[in-house]
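Q: To be precise about what I am sending: the file is called upload-v9.csv and holds CSV, C-alpha atoms and all ligand atoms.
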chain,number,residue,atom,x,y,z
A,1,MET,CA,-16.6,1.5,44.7
A,2,GLN,CA,-19.6,1.9,42.4
A,3,ASP,CA,-17.7,4.7,40.6
A,4,GLN,CA,-14.6,2.6,40.3
A,5,LEU,CA,-16.6,-0.3,38.7
A,6,SER,CA,-18.2,1.9,36.1
A,7,ALA,CA,-14.8,3.6,35.4
A,8,LEU,CA,-13.3,0.2,34.8
A,9,VAL,CA,-15.9,-0.7,32.2
A,10,ALA,CA,-15.5,2.7,30.4
A,11,GLN,CA,-11.7,2.2,30.3
A,12,ALA,CA,-12.1,-1.4,29.0
A,13,GLU,CA,-14.4,-0.1,26.3
A,14,THR,CA,-11.8,2.3,24.9
A,15,GLU,CA,-8.8,0.0,25.4
A,16,LEU,CA,-10.2,-3.3,24.1
A,17,SER,CA,-11.7,-1.7,20.9
A,18,ALA,CA,-8.2,-0.6,19.9
A,19,LEU,CA,-6.5,-4.0,20.4
A,20,ALA,CA,-4.9,-5.4,17.3
A,21,SER,CA,-2.9,-8.5,18.2
A,22,ARG,CA,-3.4,-11.6,20.3
A,23,PRO,CA,-0.5,-11.0,22.7
A,24,ASP,CA,-2.0,-7.5,23.5
A,25,PHE,CA,-5.4,-9.1,24.0
A,26,GLU,CA,-4.1,-11.7,26.4
A,27,ALA,CA,-2.3,-9.0,28.4
A,28,ALA,CA,-5.4,-6.8,28.6
A,29,LYS,CA,-7.5,-9.8,29.5
A,30,ALA,CA,-5.2,-10.6,32.5
A,31,ARG,CA,-5.3,-7.0,33.5
A,32,TYR,CA,-9.1,-6.8,33.6
A,33,VAL,CA,-10.4,-10.2,34.7
A,34,GLY,CA,-7.3,-12.2,35.6
A,35,PRO,CA,-6.6,-13.4,39.2
A,36,LYS,CA,-4.4,-10.4,39.7
A,37,GLY,CA,-6.5,-8.1,37.6
A,38,GLU,CA,-8.4,-5.0,38.5
A,39,LEU,CA,-11.8,-6.6,38.9
A,40,THR,CA,-10.4,-9.1,41.3
A,41,GLY,CA,-8.8,-6.2,43.2
A,42,LEU,CA,-12.1,-4.4,43.5
A,43,MET,CA,-13.8,-7.7,44.7
A,44,LYS,CA,-11.3,-8.0,47.5
A,45,GLN,CA,-12.6,-4.6,48.7
A,46,MET,CA,-16.0,-6.2,49.4
A,47,GLY,CA,-14.8,-7.0,52.9
A,48,GLY,CA,-14.9,-3.2,53.8
A,49,VAL,CA,-18.4,-2.7,52.4
A,50,PRO,CA,-21.2,-2.4,55.0
A,51,LYS,CA,-23.3,-5.6,55.4
A,52,GLU,CA,-26.5,-4.1,54.1
A,53,GLU,CA,-24.9,-2.8,50.9
A,54,ARG,CA,-23.2,-6.1,50.1
A,55,PRO,CA,-26.1,-7.7,48.1
A,56,ALA,CA,-26.4,-4.7,45.8
A,57,MET,CA,-22.7,-4.4,45.4
A,58,GLY,CA,-22.4,-8.1,44.6
A,59,LYS,CA,-24.9,-7.7,41.9
A,60,LEU,CA,-23.0,-4.7,40.5
A,61,ILE,CA,-19.8,-6.7,40.5
A,62,ASN,CA,-21.5,-9.5,38.5
A,63,GLU,CA,-22.8,-7.1,36.0
A,64,THR,CA,-19.4,-5.6,35.6
A,65,LYS,CA,-17.9,-9.0,35.0
A,66,THR,CA,-20.5,-9.8,32.3
A,67,ALA,CA,-19.9,-6.4,30.6
A,68,LEU,CA,-16.1,-7.0,30.6
A,69,GLN,CA,-16.5,-10.5,29.3
A,70,ALA,CA,-18.7,-9.2,26.4
A,71,LEU,CA,-16.1,-6.5,25.5
A,72,LEU,CA,-13.3,-9.2,25.6
A,73,ASP,CA,-15.4,-11.5,23.3
A,74,THR,CA,-16.0,-8.8,20.8
A,75,ALA,CA,-12.3,-7.9,20.7
A,76,LEU,CA,-11.3,-11.5,20.3
A,77,THR,CA,-13.7,-12.1,17.4
A,78,ARG,CA,-12.3,-9.0,15.7
A,79,ILE,CA,-8.7,-10.1,16.2
A,80,GLU,CA,-9.4,-13.6,14.9
A,81,ALA,CA,-11.1,-12.3,11.8
A,82,ALA,CA,-8.0,-10.1,11.1
A,83,GLU,CA,-5.8,-13.1,11.6
A,84,ILE,CA,-7.7,-15.1,9.0
A,85,ALA,CA,-7.8,-12.2,6.6
A,86,ALA,CA,-4.0,-12.0,6.9
A,87,GLN,CA,-3.6,-15.7,6.2
A,88,LEU,CA,-5.8,-15.4,3.1
A,89,GLY,CA,-3.8,-12.5,1.7
A,90,PRO,CA,-5.1,-9.5,-0.2
A,91,ALA,CA,-8.7,-9.5,-1.4
A,92,ILE,CA,-9.1,-10.8,-4.9
A,93,ASP,CA,-10.2,-8.4,-7.6
A,94,PRO,CA,-12.0,-10.5,-10.2
A,95,SER,CA,-11.8,-7.7,-12.7
A,96,LEU,CA,-8.1,-7.9,-13.0
A,97,PRO,CA,-6.7,-9.9,-16.0
A,98,SER,CA,-5.3,-13.3,-15.2
A,99,PRO,CA,-1.6,-13.3,-14.5
A,100,ASP,CA,-1.4,-16.4,-16.8
A,101,PRO,CA,-3.9,-15.8,-19.6
A,102,LEU,CA,-4.7,-19.0,-21.4
A,103,PRO,CA,-6.4,-17.8,-24.6
A,104,GLY,CA,-9.0,-20.3,-25.8
A,105,THR,CA,-8.5,-22.0,-29.1
A,106,ARG,CA,-11.0,-23.4,-31.5
A,107,HIS,CA,-11.5,-27.2,-31.4
A,108,PRO,CA,-10.0,-29.0,-34.4
A,109,LEU,CA,-13.5,-30.2,-35.4
A,110,THR,CA,-14.7,-26.7,-35.3
A,111,LEU,CA,-11.8,-25.6,-37.5
A,112,VAL,CA,-12.5,-28.2,-40.1
A,113,ARG,CA,-16.2,-27.7,-40.0
A,114,GLU,CA,-15.8,-23.9,-40.5
A,115,GLU,CA,-13.3,-24.4,-43.3
A,116,ILE,CA,-15.6,-26.8,-45.3
A,117,CYS,CA,-18.6,-24.6,-44.7
A,118,GLY,CA,-16.5,-21.6,-45.9
A,119,ILE,CA,-15.5,-23.4,-49.1
A,120,LEU,CA,-19.1,-24.2,-49.8
A,121,LYS,CA,-20.4,-20.7,-49.0
A,122,LYS,CA,-18.1,-19.4,-51.7
A,123,VAL,CA,-20.1,-21.3,-54.3
A,124,GLY,CA,-23.5,-20.3,-53.0
A,125,PHE,CA,-24.3,-22.8,-50.2
A,126,THR,CA,-26.1,-21.6,-47.1
A,127,VAL,CA,-25.5,-23.2,-43.7
A,128,VAL,CA,-28.6,-24.6,-42.0
A,129,GLU,CA,-28.9,-26.7,-38.9
A,130,GLY,CA,-31.4,-29.4,-37.8
A,131,PRO,CA,-32.3,-31.0,-34.5
A,132,GLU,CA,-30.4,-33.9,-33.0
A,133,VAL,CA,-33.5,-35.5,-31.6
A,134,GLU,CA,-35.4,-36.6,-34.7
A,135,THR,CA,-38.3,-38.7,-35.8
A,136,GLU,CA,-38.1,-41.9,-37.8
A,137,TYR,CA,-39.8,-40.0,-40.5
A,138,TYR,CA,-37.1,-37.4,-41.1
A,139,CYS,CA,-34.2,-39.8,-40.4
A,140,PHE,CA,-35.4,-42.8,-42.4
A,141,ASP,CA,-38.9,-42.9,-43.9
A,142,ALA,CA,-38.7,-39.7,-46.0
A,143,LEU,CA,-35.2,-40.7,-47.0
A,144,ASN,CA,-36.6,-43.8,-48.7
A,145,THR,CA,-35.1,-46.2,-46.1
A,146,PRO,CA,-37.2,-49.3,-45.9
A,147,ALA,CA,-38.6,-50.3,-42.4
A,148,ASP,CA,-36.4,-53.4,-42.3
A,149,HIS,CA,-33.1,-51.6,-43.2
A,150,PRO,CA,-30.3,-52.6,-40.8
A,151,ALA,CA,-29.5,-48.9,-40.1
A,152,ARG,CA,-32.9,-48.6,-38.4
A,153,ASP,CA,-32.2,-51.5,-36.1
A,154,ALA,CA,-32.2,-50.7,-32.4
A,155,GLN,CA,-28.6,-52.1,-32.3
A,156,ASP,CA,-27.5,-49.2,-34.6
A,157,THR,CA,-29.8,-46.4,-33.6
A,158,PHE,CA,-30.5,-44.8,-30.2
A,159,TYR,CA,-34.3,-44.7,-29.9
A,160,LEU,CA,-35.7,-42.5,-27.2
A,161,PRO,CA,-38.1,-44.2,-24.7
A,162,THR,CA,-41.7,-43.1,-24.9
A,163,ASP,CA,-42.2,-43.3,-21.2
A,164,ALA,CA,-43.2,-40.5,-18.8
A,165,ALA,CA,-39.7,-38.9,-18.7
A,166,PHE,CA,-40.0,-38.2,-22.4
A,167,THR,CA,-43.6,-37.4,-22.7
A,168,ASN,CA,-42.8,-33.9,-23.8
A,169,ILE,CA,-41.0,-35.2,-26.8
A,170,ALA,CA,-43.1,-38.3,-27.4
A,171,LYS,CA,-46.4,-36.4,-27.5
A,172,LYS,CA,-45.3,-34.0,-30.2
A,173,ILE,CA,-46.4,-36.2,-33.0
A,174,PRO,CA,-48.6,-39.0,-31.7
A,175,GLY,CA,-47.4,-42.4,-32.8
A,176,GLU,CA,-44.0,-41.2,-33.9
A,177,LYS,CA,-40.9,-42.8,-32.7
A,178,TYR,CA,-38.1,-40.4,-31.6
A,179,LEU,CA,-34.4,-41.1,-31.9
A,180,LEU,CA,-31.0,-39.5,-32.0
A,181,ARG,CA,-30.3,-38.8,-35.6
A,182,THR,CA,-27.9,-41.3,-37.1
A,183,HIS,CA,-26.9,-38.9,-39.9
A,184,THR,CA,-27.4,-35.3,-41.0
A,185,SER,CA,-29.3,-36.4,-44.0
A,186,SER,CA,-32.5,-35.7,-42.1
A,187,VAL,CA,-31.9,-32.0,-42.6
A,188,GLN,CA,-32.3,-32.6,-46.4
A,189,ILE,CA,-35.9,-33.4,-45.8
A,190,ARG,CA,-36.5,-30.6,-43.3
A,191,THR,CA,-35.0,-28.1,-45.8
A,192,MET,CA,-37.0,-29.3,-48.8
A,193,LEU,CA,-40.3,-29.4,-46.8
A,194,LYS,CA,-39.7,-25.8,-45.7
A,195,GLY,CA,-38.7,-24.2,-48.9
A,196,LYS,CA,-38.9,-24.4,-52.7
A,197,PRO,CA,-36.1,-25.2,-55.2
A,198,PRO,CA,-33.5,-24.1,-56.1
A,199,ILE,CA,-31.8,-25.3,-52.9
A,200,ARG,CA,-28.2,-25.2,-52.0
A,201,ILE,CA,-27.5,-26.0,-48.3
A,202,VAL,CA,-24.8,-27.4,-46.1
A,203,SER,CA,-25.7,-28.7,-42.7
A,204,PRO,CA,-23.0,-29.7,-40.1
A,205,GLY,CA,-23.9,-31.3,-36.8
A,206,ARG,CA,-23.7,-34.1,-34.3
A,207,VAL,CA,-24.9,-37.6,-35.1
A,208,TYR,CA,-25.3,-40.7,-32.9
A,209,ARG,CA,-24.8,-44.4,-33.5
A,210,ARG,CA,-24.6,-47.4,-31.2
A,211,ASP,CA,-21.0,-48.0,-32.0
A,212,THR,CA,-18.5,-49.5,-29.7
A,213,VAL,CA,-15.9,-46.8,-29.0
A,214,ASP,CA,-12.4,-47.5,-30.3
A,215,ALA,CA,-9.6,-45.6,-32.1
A,216,THR,CA,-11.8,-45.1,-35.2
A,217,HIS,CA,-15.4,-45.2,-33.8
A,218,SER,CA,-17.4,-43.0,-31.5
A,219,ALA,CA,-21.0,-43.3,-30.5
A,220,ASN,CA,-21.3,-39.6,-31.1
A,221,PHE,CA,-19.5,-37.9,-34.0
A,222,HIS,CA,-20.0,-35.1,-36.5
A,223,GLN,CA,-21.1,-35.0,-40.1
A,224,LEU,CA,-21.6,-32.4,-42.8
A,225,GLU,CA,-24.4,-32.8,-45.2
A,226,GLY,CA,-24.8,-31.1,-48.6
A,227,LEU,CA,-27.8,-30.8,-50.8
A,228,TYR,CA,-28.3,-29.1,-54.1
A,229,VAL,CA,-31.6,-29.1,-56.0
A,230,ASP,CA,-32.2,-27.3,-59.3
A,231,LYS,CA,-33.0,-28.0,-62.9
A,232,ASN,CA,-30.7,-30.2,-65.0
A,233,VAL,CA,-28.3,-31.2,-62.2
A,234,THR,CA,-25.9,-34.0,-63.2
A,235,VAL,CA,-23.4,-36.3,-61.8
A,236,SER,CA,-20.6,-34.2,-63.3
A,237,ASP,CA,-21.9,-31.2,-61.3
A,238,LEU,CA,-21.6,-33.4,-58.2
A,239,LYS,CA,-18.1,-34.6,-59.1
A,240,ALA,CA,-16.9,-31.1,-59.9
A,241,LEU,CA,-18.2,-29.7,-56.6
A,242,LEU,CA,-16.6,-32.4,-54.5
A,243,ASP,CA,-13.4,-32.1,-56.4
A,244,TYR,CA,-13.4,-28.4,-55.7
A,245,VAL,CA,-14.2,-28.8,-52.0
A,246,LEU,CA,-11.7,-31.5,-51.3
A,247,LYS,CA,-8.8,-29.9,-53.3
A,248,SER,CA,-9.5,-26.5,-51.6
A,249,LEU,CA,-9.4,-28.2,-48.3
A,250,LEU,CA,-6.5,-30.6,-48.7
A,251,GLY,CA,-4.5,-29.1,-51.6
A,252,SER,CA,-4.4,-29.5,-55.3
A,253,ASP,CA,-2.4,-32.7,-55.2
A,254,THR,CA,-5.5,-34.5,-53.7
A,255,LYS,CA,-7.0,-37.2,-55.8
A,256,VAL,CA,-10.7,-38.0,-55.6
A,257,ARG,CA,-12.3,-41.3,-56.7
A,258,PHE,CA,-16.0,-42.3,-57.0
A,259,ARG,CA,-17.0,-45.9,-56.3
A,260,PRO,CA,-20.6,-47.1,-57.0
A,261,HIS,CA,-22.5,-47.7,-53.8
A,262,TYR,CA,-26.1,-48.0,-52.5
A,263,PHE,CA,-28.0,-45.4,-50.4
A,264,GLY,CA,-31.8,-45.4,-50.4
A,265,TYR,CA,-32.0,-41.6,-50.9
A,266,THR,CA,-29.7,-41.3,-53.9
A,267,GLU,CA,-29.6,-43.0,-57.3
A,268,PRO,CA,-27.0,-43.5,-58.5
A,269,SER,CA,-25.0,-43.4,-55.3
A,270,PHE,CA,-21.3,-43.4,-54.7
A,271,GLU,CA,-18.7,-43.6,-52.0
A,272,VAL,CA,-15.9,-41.1,-52.4
A,273,ASP,CA,-12.3,-42.1,-51.7
A,274,LEU,CA,-9.5,-39.6,-51.2
A,275,SER,CA,-5.8,-40.0,-51.9
A,276,ALA,CA,-3.8,-37.3,-50.1
A,277,LYS,CA,-0.4,-38.8,-49.7
A,278,HIS,CA,1.2,-35.3,-49.8
A,279,LEU,CA,-0.2,-34.8,-46.3
A,280,PRO,CA,2.2,-35.7,-43.5
A,281,LYS,CA,1.3,-38.9,-41.8
A,282,VAL,CA,-1.1,-40.1,-44.5
A,283,ASN,CA,0.4,-43.4,-45.7
A,284,LYS,CA,-2.7,-45.2,-47.0
A,285,GLU,CA,-3.3,-44.6,-50.7
A,286,TRP,CA,-7.2,-44.4,-50.6
A,287,VAL,CA,-9.3,-43.4,-47.7
A,288,GLU,CA,-13.1,-43.6,-47.8
A,289,ILE,CA,-14.4,-40.2,-46.9
A,290,MET,CA,-18.0,-39.8,-47.7
A,291,GLY,CA,-21.2,-40.9,-49.4
A,292,CYS,CA,-23.1,-39.1,-52.1
A,293,GLY,CA,-25.3,-39.4,-55.1
A,294,MET,CA,-28.1,-37.9,-57.2
A,295,VAL,CA,-31.3,-37.3,-55.1
A,296,ASP,CA,-33.6,-40.3,-55.7
A,297,PRO,CA,-37.0,-39.3,-57.3
A,298,ALA,CA,-38.7,-41.2,-54.4
A,299,VAL,CA,-37.3,-38.6,-52.0
A,300,PHE,CA,-38.6,-35.8,-54.2
A,301,ASP,CA,-42.0,-37.5,-54.1
A,302,ASP,CA,-41.9,-37.6,-50.3
A,303,VAL,CA,-41.4,-33.8,-50.1
A,304,GLY,CA,-43.8,-33.0,-52.9
A,305,TYR,CA,-41.3,-31.9,-55.5
A,306,ASP,CA,-42.0,-32.8,-59.2
A,307,SER,CA,-39.2,-35.2,-60.0
A,308,THR,CA,-39.7,-34.7,-63.7
A,309,VAL,CA,-38.7,-31.0,-63.3
A,310,TRP,CA,-36.2,-31.1,-60.4
A,311,SER,CA,-33.0,-32.9,-60.0
A,312,GLY,CA,-30.2,-32.7,-57.4
A,313,TYR,CA,-27.3,-34.2,-55.6
A,314,ALA,CA,-26.5,-34.8,-52.0
A,315,PHE,CA,-23.5,-35.7,-50.0
A,316,GLY,CA,-22.6,-36.5,-46.4
A,317,MET,CA,-19.1,-36.6,-44.9
A,318,GLY,CA,-17.7,-37.4,-41.5
A,319,ILE,CA,-15.8,-34.4,-40.1
A,320,GLU,CA,-13.7,-36.5,-37.7
A,321,ARG,CA,-12.4,-38.7,-40.5
A,322,ILE,CA,-11.3,-35.6,-42.5
A,323,ALA,CA,-9.7,-33.9,-39.4
A,324,MET,CA,-7.8,-37.0,-38.6
A,325,MET,CA,-6.3,-37.0,-42.1
A,326,MET,CA,-5.6,-33.3,-42.1
A,327,TYR,CA,-3.8,-33.3,-38.8
A,328,GLY,CA,-2.4,-36.8,-38.7
A,329,ILE,CA,-4.5,-37.8,-35.7
A,330,ASP,CA,-4.6,-41.6,-35.2
A,331,ASP,CA,-7.2,-41.9,-32.5
A,332,ILE,CA,-10.7,-40.4,-32.7
A,333,ARG,CA,-11.0,-40.3,-28.9
A,334,TYR,CA,-8.5,-37.4,-28.7
A,335,PHE,CA,-11.3,-35.1,-30.0
A,336,TYR,CA,-13.5,-35.7,-27.0
A,337,GLN,CA,-11.1,-35.8,-24.1
A,338,ASN,CA,-10.5,-32.1,-23.9
A,339,ASP,CA,-6.8,-32.6,-23.0
A,340,LEU,CA,-5.2,-29.2,-23.3
A,341,ARG,CA,-2.0,-30.7,-24.5
A,342,PHE,CA,-4.0,-31.9,-27.6
A,343,LEU,CA,-6.2,-28.9,-28.0
A,344,ARG,CA,-3.5,-26.2,-27.8
A,345,GLN,CA,-1.7,-27.7,-30.8
A,346,PHE,CA,-4.5,-26.1,-32.9
A,347,ALA,CA,-3.9,-22.5,-31.6
B,401,LIG,N1,-26.0,-40.5,-44.7
B,401,LIG,C1,-24.8,-41.2,-45.1
B,401,LIG,C2,-24.1,-41.7,-43.9
B,401,LIG,O1,-24.3,-41.3,-42.8
B,401,LIG,C3,-23.9,-40.3,-46.0
B,401,LIG,C4,-24.6,-39.9,-47.2
B,401,LIG,C5,-24.6,-40.7,-48.3
B,401,LIG,C6,-25.2,-38.7,-47.3
B,401,LIG,C7,-25.2,-40.4,-49.5
B,401,LIG,C8,-25.8,-38.3,-48.5
B,401,LIG,C9,-25.8,-39.2,-49.6
B,401,LIG,O2,-26.4,-37.1,-48.6
B,401,LIG,O3,-26.4,-38.7,-50.7
B,401,LIG,O4,-23.3,-42.6,-44.1
For this file, produce the structure as structure tokens.
Ligand code: DAH
A:
Amino acid sequence: MQDQLSALVAQAETELSALASRPDFEAAKARYVGPKGELTGLMKQMGGVPKEERPAMGKLINETKTALQALLDTALTRIEAAEIAAQLGPAIDPSLPSPDPLPGTRHPLTLVREEICGILKKVGFTVVEGPEVETEYYCFDALNTPADHPARDAQDTFYLPTDAAFTNIAKKIPGEKYLLRTHTSSVQIRTMLKGKPPIRIVSPGRVYRRDTVDATHSANFHQLEGLYVDKNVTVSDLKALLDYVLKSLLGSDTKVRFRPHYFGYTEPSFEVDLSAKHLPKVNKEWVEIMGCGMVDPAVFDDVGYDSTVWSGYAFGMGIERIAMMMYGIDDIRYFYQNDLRFLRQFA
């Protein structure tokens, strides 16, 4: 009987490890340990075993039962794993190209930014960038913006708290107030403090204002700043440059108009209006598009440039406003929703 028990385990070992399906498994299980199975058959022979051998034999039968159960468990686990794998389908090869490749497209704001920078690069401008977290000094003070100017109001500017969460920033310059820049004009100051004239830079980037979001306002939008400093720079240089930039961008039928305005960092200052009725969907005659002017001597004083020697012009434009005109977009919020139906039109 002992030999029969060990032969049963050996046979089960071979047979169970080759099982591949659940019906085969159930059949094998019944054959080995079922009520009419082989183990039950051997147990029935216990009656013929001499009394003194019965305890040892009983122990052997229990061991055989445990061994068979372990073999059955292993086989079942293997079959279940195969079933799950079959349900999941073939293994994925991540190196294969997607069956439906969706090529990325550049965002319309990126397209317009790159186009304007490209136009300016052709006439000697270099692209520079500045930080979005700024100090009051770069954003306002050095730009000749008085402490009580409404743009500095906490209702218009996002000031960063100076509490523990921001100590890394707040400790950089003791006593400085940090904020999210409200315009890219701060880069004018950073550039002039870093280098010497002549200077000819363009600086695109994000700006932030506490505006209520609607079809034409966003609390976070994009600007592009220009600065030119040299000897004998005049208003006609500024007008010629902006005329060149806007006509290159929007076509030679574009009309450009200067209106006197006030900015603390330029004198004289202008707002620039565009007429581009040749563009589809533009129905307004004049659209205000940017601010500009001749760099105020007070700004040159702030950065240590001799204002009797150096002169210059500066300008700042909103990229969204221009992109909306160019593409006939009537709601600024489309730019930020990342809706593929919108974005893929610019492929
Ligand atoms: N910083 C102004 C704004 O955000 C735009 C501007 C006006 C920029 C005049 C300039 C400038 O460089 O000279 O509305």
Q: What lies within 10 Å of segment 229-246 of chain A using only C-alpha atoms, ignoring chain neighbours under 4 positions off, as a PyMOL selection string?
A: chain A and resi 115-120+123+192+196-201+250-252+254-258+268-269+272+274+276+292-295+300+307-315+322
Q: Can you sort out the box for segment 265-268 of chain A, edges along x, y and z, all listed atoms in, 8 Å on every side, with centre and edge lengths in Å to one decimal, as lines of an AutoDock Vina configuration file?
A:
center_x = -29.5
center_y = -42.4
center_z = -54.7
size_x = 21.0
size_y = 18.2
size_z = 23.6
Q: Determine the nearest neighbour of ligand LIG 401 (chain B) from the options A:Leu160, A:Cys139, A:Leu340, A:Ile173, counting all atoms listed in the file.
A: A:Cys139
Q: Please find the residues contacting ligand LIG 401 (chain B) at a distance of at most 9 Å between atoms, with only C-alpha atoms and all ligand atoms counted, and report them as a PyMOL selection string.
A: chain A and resi 182-186+188+207+223-227+261-267+269-271+290-296+313-318
Q: Please, what distance in Å, to one decimal, runs between atom CA of Leu279 of chain A and atom CA of Val112 of chain A?
A: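 It comes out at 15.3 Å.
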Q: Quick one, how far is atom CA of Arg22 of chain A from atom CA of Gly37 of chain A?
A: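 Atom CA of Gly37 of chain A lies at a distance of 17.9 Å from atom CA of Arg22 of chain A.
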